[in-house]
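Structure data (mmCIF, C-alpha atoms (C1' of nucleotides)) from final-v1.cif:
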data_run
loop_
_atom_site.group_PDB
_atom_site.id
_atom_site.type_symbol
_atom_site.label_atom_id
_atom_site.label_comp_id
_atom_site.auth_asym_id
_atom_site.auth_seq_id
_atom_site.Cartn_x
_atom_site.Cartn_y
_atom_site.Cartn_z
ATOM 1 C CA MET A 1 180.565 146.527 32.595
ATOM 2 C CA GLU A 2 178.835 146.673 35.913
ATOM 3 C CA LYS A 3 180.257 145.372 39.114
ATOM 4 C CA ASP A 4 178.656 142.169 40.345
ATOM 5 C CA LYS A 5 176.505 142.677 43.373
ATOM 6 C CA PHE A 6 177.507 140.280 46.086
ATOM 7 C CA VAL A 7 174.592 138.154 47.264
ATOM 8 C CA TRP A 8 174.774 137.152 50.880
ATOM 9 C CA PRO A 9 174.115 133.425 51.058
ATOM 10 C CA GLU A 10 171.033 132.224 52.912
ATOM 11 C CA GLY A 11 171.213 130.761 56.361
ATOM 12 C CA ILE A 12 174.454 132.324 57.449
ATOM 13 C CA LYS A 13 174.564 135.211 59.836
ATOM 14 C CA LYS A 14 175.838 138.633 58.918
ATOM 15 C CA THR A 15 178.497 139.391 61.451
ATOM 16 C CA LYS A 16 180.851 142.318 61.426
ATOM 17 C CA LEU A 17 183.789 140.033 60.781
ATOM 18 C CA ARG A 18 182.180 138.205 57.894
ATOM 19 C CA LYS A 19 181.147 141.434 56.265
ATOM 20 C CA LYS A 20 184.661 142.688 56.613
ATOM 21 C CA VAL A 21 186.143 139.577 55.051
ATOM 22 C CA ILE A 22 183.847 139.895 52.052
ATOM 23 C CA GLU A 23 184.656 143.565 51.751
ATOM 24 C CA ILE A 24 188.353 142.817 51.763
ATOM 25 C CA LEU A 25 187.943 140.207 49.072
ATOM 26 C CA GLN A 26 185.836 142.578 47.009
ATOM 27 C CA ASN A 27 188.618 145.096 47.044
ATOM 28 C CA ALA A 28 191.385 142.564 46.513
ATOM 29 C CA LYS A 29 193.205 142.686 43.214
ATOM 30 C CA PHE A 30 194.622 139.213 43.695
ATOM 31 C CA PRO A 31 193.579 136.088 45.567
ATOM 32 C CA MET A 32 194.598 136.279 49.208
ATOM 33 C CA SER A 33 195.744 133.773 51.780
ATOM 34 C CA ALA A 34 194.000 133.391 55.132
ATOM 35 C CA MET A 35 196.950 135.117 56.759
ATOM 36 C CA GLU A 36 196.760 138.099 54.453
ATOM 37 C CA ILE A 37 193.064 138.393 55.075
ATOM 38 C CA LEU A 38 193.697 138.257 58.785
ATOM 39 C CA SER A 39 196.199 141.091 58.562
ATOM 40 C CA ALA A 40 193.775 143.146 56.543
ATOM 41 C CA VAL A 41 191.016 142.524 59.074
ATOM 42 C CA LYS A 42 193.098 143.244 62.102
ATOM 43 C CA GLU A 43 193.974 146.779 61.129
ATOM 44 C CA ASP A 44 191.418 148.288 63.401
ATOM 45 C CA GLU A 45 189.411 145.525 65.100
ATOM 46 C CA SER A 46 189.828 143.816 68.398
ATOM 47 C CA PRO A 47 191.420 140.377 68.486
ATOM 48 C CA VAL A 48 190.627 138.124 65.545
ATOM 49 C CA TRP A 49 191.893 134.617 65.244
ATOM 50 C CA ILE A 50 193.155 132.843 62.208
ATOM 51 C CA SER A 51 190.945 129.859 62.943
ATOM 52 C CA THR A 52 187.909 132.085 62.703
ATOM 53 C CA ILE A 53 189.116 133.396 59.362
ATOM 54 C CA TYR A 54 189.507 129.860 58.126
ATOM 55 C CA ARG A 55 186.015 129.035 59.307
ATOM 56 C CA ILE A 56 184.554 132.044 57.585
ATOM 57 C CA LEU A 57 186.367 131.258 54.375
ATOM 58 C CA GLU A 58 185.291 127.652 54.566
ATOM 59 C CA ILE A 59 181.626 128.460 55.047
ATOM 60 C CA PHE A 60 181.625 130.961 52.185
ATOM 61 C CA ALA A 61 183.428 128.451 50.008
ATOM 62 C CA GLU A 62 180.756 125.879 50.815
ATOM 63 C CA LYS A 63 178.115 128.379 49.831
ATOM 64 C CA ASP A 64 180.065 128.827 46.641
ATOM 65 C CA VAL A 65 180.489 132.562 46.949
ATOM 66 C CA ILE A 66 184.214 132.372 47.377
ATOM 67 C CA ILE A 67 186.734 130.084 45.736
ATOM 68 C CA LYS A 68 189.564 128.387 47.501
ATOM 69 C CA THR A 69 192.582 127.691 45.343
ATOM 70 C CA SER A 70 195.510 125.730 46.634
ATOM 71 C CA VAL A 71 198.551 126.878 44.829
ATOM 72 C CA ILE A 72 201.241 124.360 44.110
ATOM 73 C CA GLU A 73 204.173 126.600 44.708
ATOM 74 C CA ASN A 74 204.081 126.969 48.471
ATOM 75 C CA GLY A 75 201.238 124.847 49.739
ATOM 76 C CA THR A 76 199.241 127.810 50.933
ATOM 77 C CA ALA A 77 195.626 128.192 49.938
ATOM 78 C CA VAL A 78 194.324 131.482 48.562
ATOM 79 C CA TYR A 79 190.790 132.767 48.417
ATOM 80 C CA GLU A 80 188.843 135.086 46.151
ATOM 81 C CA LEU A 81 185.246 135.949 45.406
ATOM 82 C CA ASN A 82 183.595 133.564 43.001
ATOM 83 C CA LYS A 83 182.968 135.513 39.844
ATOM 84 C CA HIS A 84 181.865 132.302 38.131
ATOM 85 C CA GLU A 85 184.648 132.480 35.641
ATOM 86 C CA HIS A 86 187.061 129.807 34.637
ATOM 87 C CA THR A 87 190.406 131.105 35.744
ATOM 88 C CA HIS A 88 193.984 130.015 36.009
ATOM 89 C CA TYR A 89 196.859 131.735 37.697
ATOM 90 C CA ALA A 90 200.376 132.904 37.234
ATOM 91 C CA VAL A 91 202.483 132.777 40.359
ATOM 92 C CA CYS A 92 205.486 134.997 40.906
ATOM 93 C CA ILE A 93 208.503 133.116 42.179
ATOM 94 C CA GLY A 94 209.872 136.297 43.695
ATOM 95 C CA CYS A 95 207.032 137.861 45.659
ATOM 96 C CA HIS A 96 204.513 135.000 45.550
ATOM 97 C CA LYS A 97 201.891 137.208 44.030
ATOM 98 C CA ILE A 98 199.120 135.297 42.315
ATOM 99 C CA ILE A 99 197.881 136.773 39.084
ATOM 100 C CA PRO A 100 194.718 135.502 37.409
ATOM 101 C CA MET A 101 194.928 134.726 33.701
ATOM 102 C CA GLU A 102 192.106 135.468 31.379
ATOM 103 C CA ASN A 103 192.418 132.711 28.857
ATOM 104 C CA CYS A 104 192.727 128.982 29.058
ATOM 105 C CA PRO A 105 194.173 126.581 26.502
ATOM 106 C CA ILE A 106 192.597 123.458 27.899
ATOM 107 C CA HIS A 107 189.268 123.538 26.107
ATOM 108 C CA ALA A 108 189.020 120.532 23.884
ATOM 109 C CA PHE A 109 192.296 119.199 25.176
ATOM 110 C CA GLU A 110 192.334 115.405 25.161
ATOM 111 C CA PRO A 111 194.781 114.161 27.739
ATOM 112 C CA LYS A 112 196.648 110.991 26.944
ATOM 113 C CA MET A 113 197.652 108.994 29.927
ATOM 114 C CA LEU A 114 198.855 105.616 31.037
ATOM 115 C CA GLU A 115 195.578 104.926 32.694
ATOM 116 C CA ASN A 116 192.725 104.748 30.270
ATOM 117 C CA ASP A 117 189.232 105.569 31.467
ATOM 118 C CA PHE A 118 190.228 108.456 33.652
ATOM 119 C CA HIS A 119 187.096 110.524 34.067
ATOM 120 C CA VAL A 120 188.169 114.158 33.909
ATOM 121 C CA LEU A 121 186.097 116.563 35.976
ATOM 122 C CA GLY A 122 188.264 119.630 35.693
ATOM 123 C CA HIS A 123 191.749 120.967 35.585
ATOM 124 C CA LYS A 124 194.136 123.398 37.111
ATOM 125 C CA LEU A 125 196.788 125.268 35.244
ATOM 126 C CA GLU A 126 199.444 127.349 36.842
ATOM 127 C CA MET A 127 202.137 129.382 35.184
ATOM 128 C CA TYR A 128 205.143 130.409 37.179
ATOM 129 C CA GLY A 129 207.834 132.947 36.642
ATOM 130 C CA TYR A 130 208.571 136.507 37.652
ATOM 131 C CA CYS A 131 206.245 139.456 37.818
ATOM 132 C CA LYS A 132 207.514 142.745 36.494
ATOM 133 C CA ASN A 133 208.736 143.906 39.888
ATOM 134 C CA CYS A 134 210.649 140.771 40.664
ATOM 135 C CA TYR A 135 212.146 140.020 37.263
ATOM 136 C CA PRO A 136 215.923 139.944 37.827
ATOM 137 C CA ASN A 137 217.691 142.973 36.329
ATOM 138 C CA MET B 1 213.338 101.846 23.539
ATOM 139 C CA GLU B 2 215.888 101.104 26.205
ATOM 140 C CA LYS B 3 215.445 101.762 29.845
ATOM 141 C CA ASP B 4 217.383 104.777 31.086
ATOM 142 C CA LYS B 5 220.322 103.806 33.187
ATOM 143 C CA PHE B 6 220.202 105.668 36.462
ATOM 144 C CA VAL B 7 223.399 107.623 37.047
ATOM 145 C CA TRP B 8 224.324 107.985 40.679
ATOM 146 C CA PRO B 9 225.085 111.660 41.304
ATOM 147 C CA GLU B 10 228.615 112.616 42.292
ATOM 148 C CA GLY B 11 229.498 113.461 45.836
ATOM 149 C CA ILE B 12 226.722 111.629 47.571
ATOM 150 C CA LYS B 13 227.231 108.359 49.348
ATOM 151 C CA LYS B 14 225.676 105.125 48.261
ATOM 152 C CA THR B 15 223.883 103.869 51.303
ATOM 153 C CA LYS B 16 221.571 100.901 51.489
ATOM 154 C CA LEU B 17 218.611 103.166 52.162
ATOM 155 C CA ARG B 18 219.308 105.512 49.278
ATOM 156 C CA LYS B 19 219.748 102.652 46.873
ATOM 157 C CA LYS B 20 216.472 101.245 48.055
ATOM 158 C CA VAL B 21 214.658 104.547 47.576
ATOM 159 C CA ILE B 22 215.926 104.824 44.024
ATOM 160 C CA GLU B 23 214.992 101.225 43.336
ATOM 161 C CA ILE B 24 211.481 101.837 44.609
ATOM 162 C CA LEU B 25 211.119 104.894 42.412
ATOM 163 C CA GLN B 26 212.462 102.977 39.421
ATOM 164 C CA ASN B 27 209.748 100.397 39.858
ATOM 165 C CA ALA B 28 207.011 102.896 40.655
ATOM 166 C CA LYS B 29 204.249 103.295 38.101
ATOM 167 C CA PHE B 30 203.157 106.595 39.595
ATOM 168 C CA PRO B 31 204.813 109.381 41.546
ATOM 169 C CA MET B 32 204.929 108.544 45.245
ATOM 170 C CA SER B 33 204.665 110.542 48.432
ATOM 171 C CA ALA B 34 207.335 110.397 51.120
ATOM 172 C CA MET B 35 204.962 108.334 53.238
ATOM 173 C CA GLU B 36 204.390 105.799 50.494
ATOM 174 C CA ILE B 37 208.098 105.514 49.916
ATOM 175 C CA LEU B 38 208.615 104.987 53.613
ATOM 176 C CA SER B 39 206.094 102.153 53.655
ATOM 177 C CA ALA B 40 207.745 100.545 50.686
ATOM 178 C CA VAL B 41 211.165 100.814 52.330
ATOM 179 C CA LYS B 42 210.088 99.503 55.678
ATOM 180 C CA GLU B 43 208.896 96.161 54.414
ATOM 181 C CA ASP B 44 211.986 94.359 55.549
ATOM 182 C CA GLU B 45 214.476 96.844 56.968
ATOM 183 C CA SER B 46 215.104 97.976 60.484
ATOM 184 C CA PRO B 47 213.661 101.314 61.640
ATOM 185 C CA VAL B 48 213.576 104.027 59.028
ATOM 186 C CA TRP B 49 212.340 107.517 59.740
ATOM 187 C CA ILE B 50 210.253 109.718 57.580
ATOM 188 C CA SER B 51 212.662 112.599 58.115
ATOM 189 C CA THR B 52 215.432 110.526 56.602
ATOM 190 C CA ILE B 53 213.255 109.775 53.605
ATOM 191 C CA TYR B 54 212.600 113.480 53.179
ATOM 192 C CA ARG B 55 216.307 114.190 53.380
ATOM 193 C CA ILE B 56 217.110 111.553 50.804
ATOM 194 C CA LEU B 57 214.444 112.839 48.470
ATOM 195 C CA GLU B 58 215.619 116.382 48.949
ATOM 196 C CA ILE B 59 219.224 115.618 48.155
ATOM 197 C CA PHE B 60 218.314 113.653 45.022
ATOM 198 C CA ALA B 61 215.997 116.442 43.969
ATOM 199 C CA GLU B 62 218.850 118.918 44.382
ATOM 200 C CA LYS B 63 221.012 116.707 42.217
ATOM 201 C CA ASP B 64 218.190 116.742 39.721
ATOM 202 C CA VAL B 65 217.793 112.989 39.502
ATOM 203 C CA ILE B 66 214.377 112.999 41.057
ATOM 204 C CA ILE B 67 211.533 115.452 40.671
ATOM 205 C CA LYS B 68 209.418 116.755 43.477
ATOM 206 C CA THR B 69 205.916 117.708 42.482
ATOM 207 C CA SER B 70 203.556 119.342 44.902
ATOM 208 C CA VAL B 71 200.082 118.468 43.905
ATOM 209 C CA ILE B 72 197.392 121.044 44.345
ATOM 210 C CA GLU B 73 194.695 118.718 45.462
ATOM 211 C CA ASN B 74 195.888 117.787 48.921
ATOM 212 C CA GLY B 75 199.104 119.657 49.559
ATOM 213 C CA THR B 76 201.216 116.544 49.662
ATOM 214 C CA ALA B 77 204.381 116.363 47.606
ATOM 215 C CA VAL B 78 205.115 113.400 45.391
ATOM 216 C CA TYR B 79 208.404 112.250 43.940
ATOM 217 C CA GLU B 80 209.519 110.398 40.850
ATOM 218 C CA LEU B 81 212.696 109.776 38.904
ATOM 219 C CA ASN B 82 213.602 112.578 36.559
ATOM 220 C CA LYS B 83 213.188 111.209 33.070
ATOM 221 C CA HIS B 84 213.768 114.678 31.650
ATOM 222 C CA GLU B 85 210.367 114.775 30.123
ATOM 223 C CA HIS B 86 207.792 117.468 30.308
ATOM 224 C CA THR B 87 204.912 115.921 32.197
ATOM 225 C CA HIS B 88 201.609 116.868 33.734
ATOM 226 C CA TYR B 89 199.378 114.839 35.958
ATOM 227 C CA ALA B 90 195.876 113.656 36.457
ATOM 228 C CA VAL B 91 194.850 113.273 40.070
ATOM 229 C CA CYS B 92 192.121 110.928 41.210
ATOM 230 C CA ILE B 93 189.716 112.531 43.631
ATOM 231 C CA GLY B 94 188.820 109.147 45.029
ATOM 232 C CA CYS B 95 192.094 107.378 45.760
ATOM 233 C CA HIS B 96 194.531 110.275 45.236
ATOM 234 C CA LYS B 97 196.473 108.365 42.665
ATOM 235 C CA ILE B 98 198.602 110.555 40.460
ATOM 236 C CA ILE B 99 198.727 109.603 36.817
ATOM 237 C CA PRO B 100 201.232 111.211 34.446
ATOM 238 C CA MET B 101 199.892 112.533 31.170
ATOM 239 C CA GLU B 102 201.818 112.177 27.977
ATOM 240 C CA ASN B 103 200.798 115.273 26.140
ATOM 241 C CA CYS B 104 200.652 118.929 26.976
ATOM 242 C CA PRO B 105 198.523 121.675 25.438
ATOM 243 C CA ILE B 106 200.533 124.583 26.704
ATOM 244 C CA HIS B 107 203.116 124.839 23.954
ATOM 245 C CA ALA B 108 202.734 128.150 22.269
ATOM 246 C CA PHE B 109 200.059 129.194 24.704
ATOM 247 C CA GLU B 110 200.107 132.926 25.288
ATOM 248 C CA PRO B 111 198.637 133.706 28.659
ATOM 249 C CA LYS B 112 196.711 136.928 28.985
ATOM 250 C CA MET B 113 196.729 138.439 32.406
ATOM 251 C CA LEU B 114 196.019 141.565 34.318
ATOM 252 C CA GLU B 115 199.664 142.100 34.920
ATOM 253 C CA ASN B 116 201.592 142.698 31.760
ATOM 254 C CA ASP B 117 205.262 141.779 31.641
ATOM 255 C CA PHE B 118 204.939 138.607 33.593
ATOM 256 C CA HIS B 119 208.006 136.575 32.681
ATOM 257 C CA VAL B 120 206.850 132.971 32.347
ATOM 258 C CA LEU B 121 209.410 130.343 33.271
ATOM 259 C CA GLY B 122 207.197 127.296 33.252
ATOM 260 C CA HIS B 123 203.821 125.909 34.038
ATOM 261 C CA LYS B 124 201.957 123.205 35.829
ATOM 262 C CA LEU B 125 198.826 121.599 34.592
ATOM 263 C CA GLU B 126 196.751 119.217 36.612
ATOM 264 C CA MET B 127 193.614 117.409 35.626
ATOM 265 C CA TYR B 128 191.365 116.025 38.285
ATOM 266 C CA GLY B 129 188.578 113.533 38.258
ATOM 267 C CA TYR B 130 188.133 109.841 38.919
ATOM 268 C CA CYS B 131 190.322 106.968 37.908
ATOM 269 C CA LYS B 132 188.614 103.876 36.591
ATOM 270 C CA ASN B 133 188.494 102.206 39.980
ATOM 271 C CA CYS B 134 187.004 105.156 41.764
ATOM 272 C CA TYR B 135 184.530 106.353 39.184
ATOM 273 C CA PRO B 136 181.135 106.261 40.931
ATOM 274 C CA ASN B 137 178.967 103.375 39.624
ATOM 275 C "C1'" DA C 1 239.962 108.929 60.156
ATOM 276 C "C1'" DT C 2 237.065 112.257 58.142
ATOM 277 C "C1'" DT C 3 232.970 113.471 56.557
ATOM 278 C "C1'" DA C 4 228.582 112.314 55.296
ATOM 279 C "C1'" DC C 5 224.406 109.879 56.684
ATOM 280 C "C1'" DT C 6 220.703 108.284 59.743
ATOM 281 C "C1'" DG C 7 217.789 107.400 63.973
ATOM 282 C "C1'" DC C 8 215.379 109.903 66.821
ATOM 283 C "C1'" DA C 9 213.180 113.953 69.053
ATOM 284 C "C1'" DA C 10 211.298 118.096 68.607
ATOM 285 C "C1'" DA C 11 210.012 122.183 66.120
ATOM 286 C "C1'" DG C 12 207.495 124.682 62.279
ATOM 287 C "C1'" DC C 13 203.818 126.000 59.318
ATOM 288 C "C1'" DA C 14 199.161 125.869 57.411
ATOM 289 C "C1'" DT C 15 194.992 124.250 58.706
ATOM 290 C "C1'" DT C 16 191.343 121.987 61.668
ATOM 291 C "C1'" DT C 17 188.741 120.985 65.789
ATOM 292 C "C1'" DG C 18 186.637 121.414 70.567
ATOM 293 C "C1'" DC C 19 184.563 124.160 73.855
ATOM 294 C "C1'" DA C 20 182.399 127.840 76.412
ATOM 295 C "C1'" DG C 21 181.038 132.391 76.245
ATOM 296 C "C1'" DA C 22 179.195 136.231 73.053
ATOM 297 C "C1'" DC C 23 176.366 137.849 69.484
ATOM 298 C "C1'" DT C 24 172.634 137.704 65.732
ATOM 299 C "C1'" DG C 25 168.012 137.128 63.939
ATOM 300 C "C1'" DC D 1 166.260 133.080 73.593
ATOM 301 C "C1'" DA D 2 167.786 129.597 70.542
ATOM 302 C "C1'" DG D 3 171.054 128.725 67.500
ATOM 303 C "C1'" DT D 4 174.972 130.418 65.352
ATOM 304 C "C1'" DC D 5 179.490 132.620 65.702
ATOM 305 C "C1'" DT D 6 183.951 133.618 67.656
ATOM 306 C "C1'" DG D 7 188.000 133.846 70.880
ATOM 307 C "C1'" DC D 8 191.044 130.919 72.385
ATOM 308 C "C1'" DA D 9 193.662 126.576 73.107
ATOM 309 C "C1'" DA D 10 195.143 122.599 71.502
ATOM 310 C "C1'" DA D 11 195.512 119.038 67.945
ATOM 311 C "C1'" DT D 12 196.604 117.525 63.273
ATOM 312 C "C1'" DG D 13 199.256 116.437 58.962
ATOM 313 C "C1'" DC D 14 203.164 117.299 56.239
ATOM 314 C "C1'" DT D 15 207.697 118.737 56.309
ATOM 315 C "C1'" DT D 16 212.073 120.543 58.344
ATOM 316 C "C1'" DT D 17 215.807 120.883 61.672
ATOM 317 C "C1'" DG D 18 219.166 119.728 65.502
ATOM 318 C "C1'" DC D 19 222.054 116.526 67.543
ATOM 319 C "C1'" DA D 20 224.789 112.628 68.520
ATOM 320 C "C1'" DG D 21 225.976 108.154 67.217
ATOM 321 C "C1'" DT D 22 226.873 105.132 62.842
ATOM 322 C "C1'" DA D 23 228.391 104.073 58.421
ATOM 323 C "C1'" DA D 24 230.780 105.050 53.859
ATOM 324 C "C1'" DT D 25 234.928 106.402 51.338
#
Can you give me the file's structure in the form of structure tokens?
Amino acid sequence: MEKDKFVWPEGIKKTKLRKKVIEILQNAKFPMSAMEILSAVKEDESPVWISTIYRILEIFAEKDVIIKTSVIENGTAVYELNKHEHTHYAVCIGCHKIIPMENCPIHAFEPKMLENDFHVLGHKLEMYGYCKNCYPN
Amino acid sequence: MEKDKFVWPEGIKKTKLRKKVIEILQNAKFPMSAMEILSAVKEDESPVWISTIYRILEIFAEKDVIIKTSVIENGTAVYELNKHEHTHYAVCIGCHKIIPMENCPIHAFEPKMLENDFHVLGHKLEMYGYCKNCYPN
DNA sequence: ATTACTGCAAAGCATTTGCAGACTG
DNA sequence: CAGTCTGCAAATGCTTTGCAGTAAT
């Protein structure tokens, strides 16, 4: 299993900051919030602003190379590289870690709802609970 | 099938505003945001503030008679009476209407994830797409 | 009469936007 | 050097909090 090579999208400039953001996301085990990315970036560099991080994430998301996921639990969006997989997440109530799941039960699921003729485009599934570090006792 | 009688929780005062909020939620077809509830309340009454609505919703949610659901799509929370049912939602991309679904595919679903020993307490499932009014063409 | 509740103002947090100077191709 | 990026400041949208006067038991 070879690691995907990241393809820099056309028409957007390669700046030090953008390269760093991508690098951070490449090394990230879990989806990260803008704030977390900012902290990771700031380690060495001169001043970086959260608004710039948001702009970078937004432009990469538009180019479809990263995925923005808004997690229900705390209203904060998290970002990860788009590996073109269908993924859902488990969210730890204790430490707020977001853990991707590898399977999805929604294939061939026929939702029944009050409103007929709802045209389903996609779905989000989120499990919540405790990760092994946070599980009480 | 008889309509659930709403049981006023102990230890909280019956004010005109609170009764009105509950009444609005009893008549609501779909979960409502604080803003929508405010609009519904304001029809006749003297000034009502959104912070008060939030406080009312919060206290009822604590008492477990209403349910707060934060929807992924736009980060806005919606509220509905707690009918003690397990429910998921479909969200319209066009008008942001939130439509409860009557079935759930997650029973007996065994999530596989990178982190073993994740202790699942519950889940959220959200379908998105277009309701019949918003479906393009 | 207590204590809880509400109007109102202001703060908080994640995110977005505007602008002028700095950097990339 | 032209157009794109970024630092920075300020605005936005949803939600929360503080306080003092008002209403419910």
Matched chain/residue IDs from the PyMOL selection byres ((chain C) within 10 of (chain A)), as a list in words: DC13, DA14, DT15, DT16, DT17, DC23, DT24 and DG25 of chain C
Please write as a ChimeraX atom specification the full residue list that the PyMOL selection byres ((chain B and resi 38) around 8) yields on this file. /B:34-37,39-42,48-50,53
When the PyMOL selection byres ((chain A) within 9 of (chain B)) is applied to the structure above, which residues does it catch, written out as a count of residues only? 44
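Interatomic distance, atom CA of Ile66 of chain B to atom C1' of DT15 of chain D: 17.6 Å.
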Using all atoms listed in the file and a distance of at most 8 Å, pull out the residues of chain D that contact chain A, as a VMD selection string. chain D and resid 4 6 to 7
Please indicate the distance in Å from atom CA of Leu81 of chain B to atom CA of Lys20 of chain B, rounded to one decimal place.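 Atom CA of Lys20 of chain B lies at a distance of 13.1 Å from atom CA of Leu81 of chain B.
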Fewer than 4 positions away in the same chain doesn't count, so skip those; otherwise give me all residues within 10 Å of Pro9 of chain B, counting all atoms listed in the file, as a compact mmCIF listing (two decimals) with C-alpha atoms, in the coordinates of the input.
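Below is the file that was written, result-v2.txt:
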# COMPACT_ATOMS: atom_id res chain seq x y z
CA LYS B 13 227.23 108.36 49.35
CA LYS B 14 225.68 105.12 48.26
CA ILE B 59 219.22 115.62 48.16
CA PHE B 60 218.31 113.65 45.02
CA LYS B 63 221.01 116.71 42.22
CA ASP B 64 218.19 116.74 39.72
CA VAL B 65 217.79 112.99 39.50
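Remark: for DG7 of chain C, the closest of the candidate residues B:Leu57, B:Ser46, B:Leu25, B:Val7 is B:Ser46 (distances computed over only C-alpha atoms (C1' of nucleotides)).
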Could you please give me, as a PyMOL selection string, the residues of protein, DNA or RNA lying at most 6 Å from (213.8, 120.7, 65.9) in the coordinate frame of the file, considering only C-alpha atoms (C1' of nucleotides)? (chain C and resi 10-11) or (chain D and resi 17-18)
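Between atom CA of Ser33 of chain A and atom CA of Tyr79 of chain A the separation is 6.1 Å.
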From (231.0, 106.5, 65.2), in the file's coordinates, out to 12 Å: which residues are reached, counting all atoms listed in the file? Answer as a list of chain:residue names.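 The answer, in the requested form, is C:DA1, C:DT2, C:DT3, C:DA4, C:DC5, C:DT6, D:DA20, D:DG21, D:DT22, D:DA23, D:DA24.
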